[in-house]
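Note: the block below is structure01.cif and it holds mmCIF, C-alpha atoms (C1' of nucleotides).
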```cif
data_start
#
loop_
_atom_site.label_atom_id
_atom_site.label_comp_id
_atom_site.auth_asym_id
_atom_site.auth_seq_id
_atom_site.Cartn_x
_atom_site.Cartn_y
_atom_site.Cartn_z
CA MET Y 29 0.00 0.00 0.00
CA PRO Y 30 1.46 3.40 -0.96
CA VAL Y 31 1.79 5.71 2.03
CA THR Y 32 2.64 9.37 1.42
CA LEU Y 33 4.40 11.18 4.20
CA ALA Y 34 5.35 14.84 4.57
CA THR Y 35 7.54 16.80 7.00
CA TRP Y 36 7.16 20.53 7.61
CA ASN Y 37 8.67 22.98 10.07
CA ILE Y 38 5.52 25.04 10.65
CA ASN Y 39 6.97 27.78 12.94
CA SER Y 40 3.88 28.01 15.19
CA VAL Y 41 1.11 25.52 14.55
CA ARG Y 42 -1.50 27.80 16.13
CA LEU Y 43 -0.66 30.82 13.95
CA ARG Y 44 -0.53 28.61 10.86
CA ALA Y 45 -3.28 26.05 11.51
CA GLY Y 46 -4.97 27.40 8.37
CA LEU Y 47 -1.89 26.69 6.27
CA VAL Y 48 -1.67 23.17 7.69
CA THR Y 49 -5.28 22.42 6.71
CA GLU Y 50 -4.65 23.98 3.28
CA LEU Y 51 -1.73 21.59 2.71
CA LEU Y 52 -3.69 18.60 4.03
CA ARG Y 53 -6.66 19.39 1.75
CA GLN Y 54 -4.52 20.03 -1.36
CA GLU Y 55 -1.98 17.23 -1.02
CA ALA Y 56 -3.69 14.79 1.35
CA PRO Y 57 -0.57 13.03 2.64
CA ASP Y 58 -1.37 10.02 4.81
CA ILE Y 59 0.98 11.35 7.49
CA LEU Y 60 2.23 14.88 8.26
CA CYS Y 61 5.11 15.47 10.67
CA LEU Y 62 5.38 19.00 12.08
CA GLN Y 63 8.21 20.73 13.92
CA GLU Y 64 8.44 24.03 15.82
CA CYS Y 65 4.80 23.85 16.84
CA LYS Y 66 5.66 26.33 19.62
CA SER Y 67 2.68 25.17 21.65
CA PRO Y 68 1.73 22.94 24.57
CA VAL Y 69 0.00 19.84 23.16
CA ASP Y 70 -3.32 20.77 24.79
CA LYS Y 71 -3.38 24.08 22.90
CA ILE Y 72 -2.78 22.59 19.42
CA PRO Y 73 -6.08 22.83 17.47
CA LEU Y 74 -6.20 19.06 17.00
CA GLU Y 75 -9.99 18.98 16.39
CA ILE Y 76 -9.47 20.87 13.10
CA PHE Y 77 -7.10 18.16 11.85
CA HIS Y 78 -9.29 15.41 13.27
CA ASN Y 79 -12.28 16.77 11.37
CA ILE Y 80 -10.52 16.50 8.00
CA GLY Y 81 -9.47 12.90 8.57
CA TYR Y 82 -6.28 13.09 10.63
CA ARG Y 83 -7.59 11.27 13.68
CA HIS Y 84 -4.34 9.78 14.99
CA ILE Y 85 -1.91 12.09 16.76
CA ALA Y 86 1.42 11.77 18.55
CA ALA Y 87 2.78 15.04 19.87
CA ARG Y 88 5.12 16.63 22.40
CA GLY Y 89 5.00 20.31 23.22
CA GLU Y 90 6.16 23.13 25.41
CA LYS Y 91 5.09 26.72 25.78
CA GLY Y 92 6.57 28.97 23.13
CA TYR Y 93 9.46 26.83 21.90
CA ASN Y 94 10.18 23.62 19.98
CA GLY Y 95 7.35 21.10 19.78
CA VAL Y 96 6.76 18.18 17.38
CA ALA Y 97 3.60 16.46 16.16
CA ILE Y 98 2.65 13.58 13.86
CA LEU Y 99 -0.81 13.74 12.29
CA SER Y 100 -1.98 10.53 10.61
CA LYS Y 101 -4.98 9.34 8.63
CA LEU Y 102 -3.76 5.78 9.21
CA PRO Y 103 -4.11 4.11 12.60
CA MET Y 104 -0.99 5.07 14.59
CA GLU Y 105 0.00 4.72 18.22
CA ASP Y 106 2.31 6.95 20.21
CA ALA Y 107 5.71 5.21 20.33
CA GLY Y 108 7.38 7.49 22.86
CA ASP Y 109 10.06 10.13 22.72
CA LEU Y 110 13.83 10.44 22.99
CA ASN Y 111 15.63 12.98 25.17
CA PHE Y 112 18.93 13.38 23.34
CA ALA Y 113 21.68 15.59 24.84
CA LYS Y 114 19.58 15.57 28.03
CA LEU Y 115 17.95 18.81 26.94
CA GLY Y 116 14.49 17.92 28.24
CA GLN Y 117 12.89 19.75 25.32
CA ALA Y 118 10.08 18.70 22.95
CA ARG Y 119 12.31 17.75 20.02
CA HIS Y 120 11.26 14.18 19.22
CA VAL Y 121 8.19 12.00 19.06
CA ALA Y 122 7.68 8.62 17.46
CA GLY Y 123 4.59 6.93 16.04
CA ARG Y 124 3.96 3.29 15.16
CA LEU Y 125 1.65 2.15 12.36
CA GLU Y 126 -0.39 -1.05 12.56
CA ASP Y 127 2.16 -3.03 10.52
CA GLY Y 128 4.94 -2.03 12.94
CA THR Y 129 6.50 0.74 10.84
CA VAL Y 130 8.00 3.35 13.15
CA ILE Y 131 8.13 7.07 12.28
CA HIS Y 132 10.64 9.27 14.13
CA ASN Y 133 9.96 13.00 13.97
CA PHE Y 134 12.92 15.20 15.03
CA TYR Y 135 13.58 18.88 15.57
CA VAL Y 136 17.37 19.11 15.98
CA PRO Y 137 18.66 22.21 17.86
CA ALA Y 138 19.53 25.08 15.51
CA GLY Y 139 22.81 25.69 17.34
CA GLY Y 140 23.05 29.48 17.60
CA ASP Y 141 25.18 31.75 15.44
CA VAL Y 142 28.80 30.98 16.39
CA PRO Y 143 30.11 27.56 15.30
CA ASP Y 144 32.31 27.06 18.37
CA ARG Y 145 31.17 25.05 21.39
CA GLU Y 146 33.55 26.95 23.71
CA LYS Y 147 32.05 30.33 22.84
CA ASN Y 148 28.51 29.14 22.15
CA PRO Y 149 26.96 26.42 24.33
CA LYS Y 150 24.04 26.06 21.90
CA PHE Y 151 26.42 24.80 19.23
CA GLY Y 152 27.77 22.21 21.66
CA GLN Y 153 24.21 21.09 22.45
CA LYS Y 154 23.52 20.65 18.74
CA LEU Y 155 26.64 18.51 18.27
CA ASP Y 156 25.78 16.50 21.39
CA TYR Y 157 22.26 15.97 20.09
CA VAL Y 158 23.45 14.61 16.74
CA ALA Y 159 26.08 12.47 18.50
CA ASP Y 160 23.27 10.93 20.56
CA MET Y 161 21.35 10.19 17.35
CA GLN Y 162 24.43 8.32 16.14
CA LYS Y 163 24.84 6.46 19.42
CA HIS Y 164 21.18 5.54 19.80
CA PHE Y 165 20.51 4.21 16.29
CA GLY Y 166 23.98 2.69 16.04
CA ALA Y 167 23.45 0.63 19.20
CA ASP Y 168 19.95 -0.50 18.22
CA ARG Y 169 19.83 -0.62 14.43
CA PRO Y 170 16.31 0.16 13.25
CA HIS Y 171 14.23 -1.75 10.70
CA ARG Y 172 11.05 -0.72 8.88
CA SER Y 173 11.60 2.80 10.16
CA ILE Y 174 11.36 6.33 8.80
CA LEU Y 175 13.19 9.32 10.28
CA VAL Y 176 12.10 12.81 9.28
CA GLY Y 177 12.34 16.35 10.50
CA ASP Y 178 14.11 19.65 10.64
CA LEU Y 179 17.63 18.37 11.22
CA ASN Y 180 19.01 21.94 10.93
CA ILE Y 181 21.99 20.68 8.89
CA ALA Y 182 22.43 20.86 5.10
CA PRO Y 183 24.90 18.02 4.53
CA ARG Y 184 25.79 18.22 0.83
CA GLU Y 185 27.49 20.93 -1.22
CA ASP Y 186 24.39 21.12 -3.40
CA ASP Y 187 22.13 21.40 -0.33
CA VAL Y 188 23.12 25.07 0.05
CA TRP Y 189 23.20 28.05 -2.31
CA SER Y 190 26.96 28.49 -1.85
CA HIS Y 191 29.06 25.74 -0.33
CA LYS Y 192 32.10 28.00 -0.05
CA GLN Y 193 30.26 30.92 1.54
CA LEU Y 194 28.50 28.72 4.09
CA LEU Y 195 31.41 26.60 5.30
CA LYS Y 196 31.65 28.72 8.47
CA VAL Y 197 27.92 29.26 8.83
CA VAL Y 198 26.06 27.10 11.37
CA SER Y 199 24.08 24.40 9.47
CA HIS Y 200 26.82 23.67 6.92
CA THR Y 201 30.11 23.59 8.88
CA PRO Y 202 32.22 20.43 8.37
CA VAL Y 203 31.87 19.41 12.02
CA GLU Y 204 28.08 19.43 11.63
CA THR Y 205 27.85 17.75 8.23
CA GLU Y 206 30.31 15.05 9.35
CA ALA Y 207 28.30 14.45 12.53
CA LEU Y 208 25.06 14.13 10.57
CA ASN Y 209 26.65 11.76 8.04
CA ALA Y 210 27.99 9.66 10.93
CA ALA Y 211 24.53 9.50 12.53
CA GLN Y 212 22.98 8.52 9.19
CA GLU Y 213 25.54 5.77 8.60
CA ALA Y 214 25.37 4.42 12.17
CA GLY Y 215 21.63 3.85 11.84
CA GLY Y 216 21.88 2.52 8.30
CA TRP Y 217 19.54 5.31 7.15
CA VAL Y 218 19.05 6.09 3.47
CA ASP Y 219 18.50 9.74 2.48
CA VAL Y 220 15.27 9.15 0.55
CA THR Y 221 15.06 12.68 -0.86
CA ARG Y 222 18.50 12.37 -2.43
CA GLN Y 223 17.85 8.78 -3.52
CA ASP Y 224 14.97 10.14 -5.61
CA ILE Y 225 16.55 13.48 -6.60
CA PRO Y 226 20.30 12.74 -6.75
CA ASP Y 227 21.47 15.76 -8.72
CA GLY Y 228 21.24 19.50 -8.44
CA GLN Y 229 20.63 22.23 -5.90
CA LEU Y 230 17.81 21.36 -3.51
CA TYR Y 231 16.53 23.55 -0.67
CA SER Y 232 13.73 23.37 1.92
CA TRP Y 233 14.35 26.62 3.83
CA TRP Y 234 14.76 30.26 2.84
CA SER Y 235 15.40 32.93 5.50
CA TYR Y 236 12.71 35.48 6.33
CA ARG Y 237 15.43 38.10 6.21
CA SER Y 238 15.88 37.91 2.47
CA PRO Y 239 13.62 40.61 0.93
CA ASP Y 240 13.04 38.51 -2.18
CA TRP Y 241 13.66 34.90 -1.12
CA ASN Y 242 12.45 33.41 -4.39
CA ALA Y 243 14.64 35.47 -6.74
CA ALA Y 244 17.67 35.51 -4.42
CA ASP Y 245 17.19 31.75 -3.83
CA LYS Y 246 19.73 31.59 -1.01
CA GLY Y 247 18.26 28.40 0.39
CA ARG Y 248 19.42 25.42 2.39
CA ARG Y 249 18.11 21.81 2.63
CA LEU Y 250 17.56 21.51 6.37
CA ASP Y 251 14.51 19.20 6.29
CA HIS Y 252 15.03 15.53 5.59
CA ILE Y 253 13.31 12.20 5.02
CA TRP Y 254 15.39 9.14 5.81
CA ALA Y 255 14.36 5.48 5.88
CA THR Y 256 15.88 2.12 6.64
CA PRO Y 257 16.87 0.18 3.47
CA ASP Y 258 13.86 -2.17 3.68
CA LEU Y 259 11.55 0.85 3.24
CA ALA Y 260 13.85 3.04 1.15
CA SER Y 261 13.90 0.39 -1.58
CA GLY Y 262 10.19 1.00 -2.13
CA ALA Y 263 10.29 4.80 -1.81
CA SER Y 264 9.46 7.16 -4.65
CA GLY Y 265 7.97 10.50 -5.57
CA SER Y 266 10.13 12.73 -3.37
CA ARG Y 267 9.48 16.44 -3.77
CA ILE Y 268 9.82 19.73 -1.95
CA LEU Y 269 6.79 22.01 -2.26
CA ARG Y 270 8.66 25.26 -2.84
CA GLU Y 271 5.47 27.14 -3.71
CA VAL Y 272 4.24 26.70 -0.12
CA ARG Y 273 7.08 29.02 0.99
CA GLY Y 274 5.31 31.66 -1.11
CA TRP Y 275 1.89 31.28 0.56
CA GLU Y 276 0.55 34.18 2.64
CA LYS Y 277 2.18 34.48 6.09
CA PRO Y 278 4.35 31.42 5.35
CA SER Y 279 6.66 29.33 7.43
CA ASP Y 280 10.29 29.87 6.42
CA HIS Y 281 10.39 26.10 5.61
CA ALA Y 282 8.73 24.28 2.71
CA PRO Y 283 7.20 20.81 3.22
CA VAL Y 284 9.11 17.76 1.99
CA PHE Y 285 7.21 14.71 0.66
CA ALA Y 286 7.97 11.07 -0.08
CA THR Y 287 5.88 7.98 -0.81
CA PHE Y 288 6.60 4.52 0.63
CA ASP Y 289 5.27 1.06 -0.11
CA ILE Y 290 4.15 -0.11 3.33
"C1'" DA F 21 31.34 43.93 9.29
"C1'" DT F 22 26.39 44.52 9.55
"C1'" DG F 23 21.63 44.03 9.15
"C1'" DG F 24 17.99 42.05 7.39
"C1'" DT F 25 12.55 39.29 9.50
"C1'" DC F 26 9.74 36.48 11.98
"C1'" DG F 27 7.15 34.34 16.48
"C1'" DA F 28 6.74 34.13 21.16
"C1'" DC F 29 7.06 33.44 27.58
"C1'" DT F 30 7.51 40.57 23.57
"C1'" DT F 31 10.50 45.97 26.62
"C1'" DT F 32 14.33 40.33 24.59
"C1'" DC F 33 15.46 35.84 22.92
"C1'" DG F 34 15.61 32.10 19.66
"C1'" DA F 35 15.68 31.09 14.88
#
```

Represent the structure contained in this file as structure tokens.
Amino acid sequence: MPVTLATWNINSVRLRAGLVTELLRQEAPDILCLQECKSPVDKIPLEIFHNIGYRHIAARGEKGYNGVAILSKLPMEDAGDLNFAKLGQARHVAGRLEDGTVIHNFYVPAGGDVPDREKNPKFGQKLDYVADMQKHFGADRPHRSILVGDLNIAPREDDVWSHKQLLKVVSHTPVETEALNAAQEAGGWVDVTRQDIPDGQLYSWWSYRSPDWNAADKGRRLDHIWATPDLASGASGSRILREVRGWEKPSDHAPVFATFDI
DNA sequence: ATGGTCGACTTTCGA
């Protein structure tokens, strides 16, 4: 059975509940993973999503910051959360489908502005978080699993508008891209987006600070869909809905889609 | 080298 899944950093699910329903109505993914909900779970307008067919929810939230949610049309149970880098923040939730497929939804710390853990503790937390991803999935290799989210790292040269100009910018420094690649390899994860779209520049985020984000096109691919090989082999149809970044009052991230045979 | 723009716990911080 084909199952379409999307991941989207929504940057406030309450402010943009209308955009979420717009995407769900237009594209009708079976599963939508959200990050940066910026809301306690009990203040997410879940009834709106429930009413248009997304009746299964797994979410973690806090007031004002972070927050992750999985909305599913398919039966799905809450499969817990992981507290990497001992941050105690709402940065992960997992869901399990009826066939046992597990979906991990992550919001990796952004890491602040200065790429030096001595001068900037947030950067150290980000590296610790990704190191814990490596440790966790390396020690207990997943099967029939999907890992998505805003990983806040653009690993490849063609995942950023200028590899050379971003080498010292948090999200594309070698220490970050190497850590993310190590975490991916340790878990045996396949980058499904790049399996489907192997060549060319590919972005999922454009800063609000750019006056004309579309023409300037100084983007980065921060949002990812990974899967274990048993599911990646049946994946297809990856795409990034760039036009959603141009909707009214948009998130600074565009949703990323993939379809699996589950 | 700086500033640019968003959202939120808004007179400041995180992204």

What lies within 12 Å of Gly216 (chain Y) using only C-alpha atoms (C1' of nucleotides), ignoring chain neighbours under 4 positions off, as a ChimeraX atom specification? /Y:161-162,164-175,209-212,254-260

Give as a list of chain:residue names the residues that the PyMOL selection byres ((chain Y and resi 88) around 8) matches when applied to the coordinates above. Y:Pro68, Y:Val69, Y:Ala86, Y:Ala87, Y:Gly89, Y:Glu90, Y:Gly95, Y:Val96, Y:Ala97, Y:Ala118, Y:Arg119, Y:His120, Y:Val121

Could you take the residues named above and write them with C-alpha atoms, as a PDB file, in the frame of the given file?
```pdb
ATOM      1  CA  PRO Y  68       1.730  22.940  24.570  1.00  0.00           C
ATOM      2  CA  VAL Y  69       0.000  19.840  23.160  1.00  0.00           C
ATOM      3  CA  ALA Y  86       1.420  11.770  18.550  1.00  0.00           C
ATOM      4  CA  ALA Y  87       2.780  15.040  19.870  1.00  0.00           C
ATOM      5  CA  GLY Y  89       5.000  20.310  23.220  1.00  0.00           C
ATOM      6  CA  GLU Y  90       6.160  23.130  25.410  1.00  0.00           C
ATOM      7  CA  GLY Y  95       7.350  21.100  19.780  1.00  0.00           C
ATOM      8  CA  VAL Y  96       6.760  18.180  17.380  1.00  0.00           C
ATOM      9  CA  ALA Y  97       3.600  16.460  16.160  1.00  0.00           C
ATOM     10  CA  ALA Y 118      10.080  18.700  22.950  1.00  0.00           C
ATOM     11  CA  ARG Y 119      12.310  17.750  20.020  1.00  0.00           C
ATOM     12  CA  HIS Y 120      11.260  14.180  19.220  1.00  0.00           C
ATOM     13  CA  VAL Y 121       8.190  12.000  19.060  1.00  0.00           C
TER      14      VAL Y 121
END
```

Dump as a Markdown table the rows for residues of chain F within 10 Å of chain Y: closest atom pair and distance in Å with one decimal, only C-alpha atoms (C1' of nucleotides) counted, ordered by chain and rising residue number.
```
| residue | atom | partner | partner_atom | distance |
| --- | --- | --- | --- | --- |
| F:DG23 | C1' | Y:Arg237 | CA | 9.1 |
| F:DG24 | C1' | Y:Arg237 | CA | 4.9 |
| F:DT25 | C1' | Y:Arg237 | CA | 4.5 |
| F:DC26 | C1' | Y:Tyr236 | CA | 6.5 |
| F:DG27 | C1' | Y:Ser40 | CA | 7.2 |
| F:DA28 | C1' | Y:Gly92 | CA | 5.5 |
| F:DC29 | C1' | Y:Gly92 | CA | 6.3 |
| F:DG34 | C1' | Y:Gly140 | CA | 8.2 |
| F:DA35 | C1' | Y:Ala138 | CA | 7.2 |
```

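Residues matched by the PyMOL selection byres ((chain Y and resi 233) around 9) in this structure: Y:Tyr231, Y:Ser232, Y:Trp234, Y:Ser235, Y:Lys246, Y:Gly247, Y:Arg248, Y:Arg249, Y:Leu250, Y:Asp251, Y:Arg270, Y:Arg273, Y:Ser279, Y:Asp280, Y:His281, Y:Ala282.
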
Name the residues that the PyMOL selection byres ((chain Y and resi 204-207) around 9) pulls out of this structure, and write them as a list of chain:residue names. Y:Lys154, Y:Leu155, Y:Val158, Y:Ala159, Y:Gln162, Y:Ile181, Y:Ala182, Y:Pro183, Y:Arg184, Y:Val198, Y:Ser199, Y:His200, Y:Thr201, Y:Pro202, Y:Val203, Y:Leu208, Y:Asn209, Y:Ala210, Y:Ala211, Y:Gln212

Pull C-alpha atoms from the residues just selected and write them as a JSON list (two decimals), keeping the file's coordinate frame.
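Result saved to selection.json:
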```json
[["chain", "number", "residue", "atom", "x", "y", "z"],
["Y", 154, "LYS", "CA", 23.52, 20.65, 18.74],
["Y", 155, "LEU", "CA", 26.64, 18.51, 18.27],
["Y", 158, "VAL", "CA", 23.45, 14.61, 16.74],
["Y", 159, "ALA", "CA", 26.08, 12.47, 18.50],
["Y", 162, "GLN", "CA", 24.43, 8.32, 16.14],
["Y", 181, "ILE", "CA", 21.99, 20.68, 8.89],
["Y", 182, "ALA", "CA", 22.43, 20.86, 5.10],
["Y", 183, "PRO", "CA", 24.90, 18.02, 4.53],
["Y", 184, "ARG", "CA", 25.79, 18.22, 0.83],
["Y", 198, "VAL", "CA", 26.06, 27.10, 11.37],
["Y", 199, "SER", "CA", 24.08, 24.40, 9.47],
["Y", 200, "HIS", "CA", 26.82, 23.67, 6.92],
["Y", 201, "THR", "CA", 30.11, 23.59, 8.88],
["Y", 202, "PRO", "CA", 32.22, 20.43, 8.37],
["Y", 203, "VAL", "CA", 31.87, 19.41, 12.02],
["Y", 208, "LEU", "CA", 25.06, 14.13, 10.57],
["Y", 209, "ASN", "CA", 26.65, 11.76, 8.04],
["Y", 210, "ALA", "CA", 27.99, 9.66, 10.93],
["Y", 211, "ALA", "CA", 24.53, 9.50, 12.53],
["Y", 212, "GLN", "CA", 22.98, 8.52, 9.19]]
```

Kindly output region 198-215 of chain Y as a PDB file, in the frame of the given file, after building N, CA and C atoms.
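The file below, rebuild-v3.pdb, is the result:
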```pdb
ATOM      1  N   VAL Y 198      26.726  28.204  10.674  1.00  0.00           N
ATOM      2  CA  VAL Y 198      26.060  27.100  11.370  1.00  0.00           C
ATOM      3  C   VAL Y 198      24.955  26.544  10.477  1.00  0.00           C
ATOM      4  N   SER Y 199      24.958  25.241  10.311  1.00  0.00           N
ATOM      5  CA  SER Y 199      24.080  24.400   9.470  1.00  0.00           C
ATOM      6  C   SER Y 199      24.866  23.734   8.342  1.00  0.00           C
ATOM      7  N   HIS Y 200      26.051  24.270   8.032  1.00  0.00           N
ATOM      8  CA  HIS Y 200      26.820  23.670   6.920  1.00  0.00           C
ATOM      9  C   HIS Y 200      28.314  23.578   7.260  1.00  0.00           C
ATOM     10  N   THR Y 201      28.694  23.722   8.522  1.00  0.00           N
ATOM     11  CA  THR Y 201      30.110  23.590   8.880  1.00  0.00           C
ATOM     12  C   THR Y 201      30.523  22.114   8.785  1.00  0.00           C
ATOM     13  N   PRO Y 202      31.782  21.836   8.482  1.00  0.00           N
ATOM     14  CA  PRO Y 202      32.220  20.430   8.370  1.00  0.00           C
ATOM     15  C   PRO Y 202      31.934  19.614   9.627  1.00  0.00           C
ATOM     16  N   VAL Y 203      32.114  20.203  10.805  1.00  0.00           N
ATOM     17  CA  VAL Y 203      31.870  19.410  12.020  1.00  0.00           C
ATOM     18  C   VAL Y 203      30.408  18.972  12.108  1.00  0.00           C
ATOM     19  N   GLU Y 204      29.505  19.791  11.616  1.00  0.00           N
ATOM     20  CA  GLU Y 204      28.080  19.430  11.630  1.00  0.00           C
ATOM     21  C   GLU Y 204      27.752  18.405  10.543  1.00  0.00           C
ATOM     22  N   THR Y 205      28.206  18.661   9.328  1.00  0.00           N
ATOM     23  CA  THR Y 205      27.850  17.750   8.230  1.00  0.00           C
ATOM     24  C   THR Y 205      28.469  16.372   8.460  1.00  0.00           C
ATOM     25  N   GLU Y 206      29.682  16.345   9.043  1.00  0.00           N
ATOM     26  CA  GLU Y 206      30.310  15.050   9.350  1.00  0.00           C
ATOM     27  C   GLU Y 206      29.551  14.321  10.446  1.00  0.00           C
ATOM     28  N   ALA Y 207      29.077  15.074  11.449  1.00  0.00           N
ATOM     29  CA  ALA Y 207      28.300  14.450  12.530  1.00  0.00           C
ATOM     30  C   ALA Y 207      26.991  13.888  12.004  1.00  0.00           C
ATOM     31  N   LEU Y 208      26.339  14.621  11.110  1.00  0.00           N
ATOM     32  CA  LEU Y 208      25.060  14.130  10.570  1.00  0.00           C
ATOM     33  C   LEU Y 208      25.293  12.905   9.696  1.00  0.00           C
ATOM     34  N   ASN Y 209      26.338  12.938   8.869  1.00  0.00           N
ATOM     35  CA  ASN Y 209      26.650  11.760   8.040  1.00  0.00           C
ATOM     36  C   ASN Y 209      26.964  10.549   8.911  1.00  0.00           C
ATOM     37  N   ALA Y 210      27.662  10.770  10.021  1.00  0.00           N
ATOM     38  CA  ALA Y 210      27.990   9.660  10.930  1.00  0.00           C
ATOM     39  C   ALA Y 210      26.727   9.085  11.559  1.00  0.00           C
ATOM     40  N   ALA Y 211      25.796   9.974  11.933  1.00  0.00           N
ATOM     41  CA  ALA Y 211      24.530   9.500  12.530  1.00  0.00           C
ATOM     42  C   ALA Y 211      23.727   8.715  11.497  1.00  0.00           C
ATOM     43  N   GLN Y 212      23.712   9.200  10.266  1.00  0.00           N
ATOM     44  CA  GLN Y 212      22.980   8.520   9.190  1.00  0.00           C
ATOM     45  C   GLN Y 212      23.559   7.123   8.955  1.00  0.00           C
ATOM     46  N   GLU Y 213      24.883   7.046   8.863  1.00  0.00           N
ATOM     47  CA  GLU Y 213      25.540   5.770   8.600  1.00  0.00           C
ATOM     48  C   GLU Y 213      25.375   4.791   9.756  1.00  0.00           C
ATOM     49  N   ALA Y 214      25.475   5.297  10.986  1.00  0.00           N
ATOM     50  CA  ALA Y 214      25.370   4.420  12.170  1.00  0.00           C
ATOM     51  C   ALA Y 214      24.018   3.729  12.215  1.00  0.00           C
ATOM     52  N   GLY Y 215      22.961   4.436  11.816  1.00  0.00           N
ATOM     53  CA  GLY Y 215      21.630   3.850  11.840  1.00  0.00           C
ATOM     54  C   GLY Y 215      21.294   3.076  10.577  1.00  0.00           C
TER      55      GLY Y 215
END
```
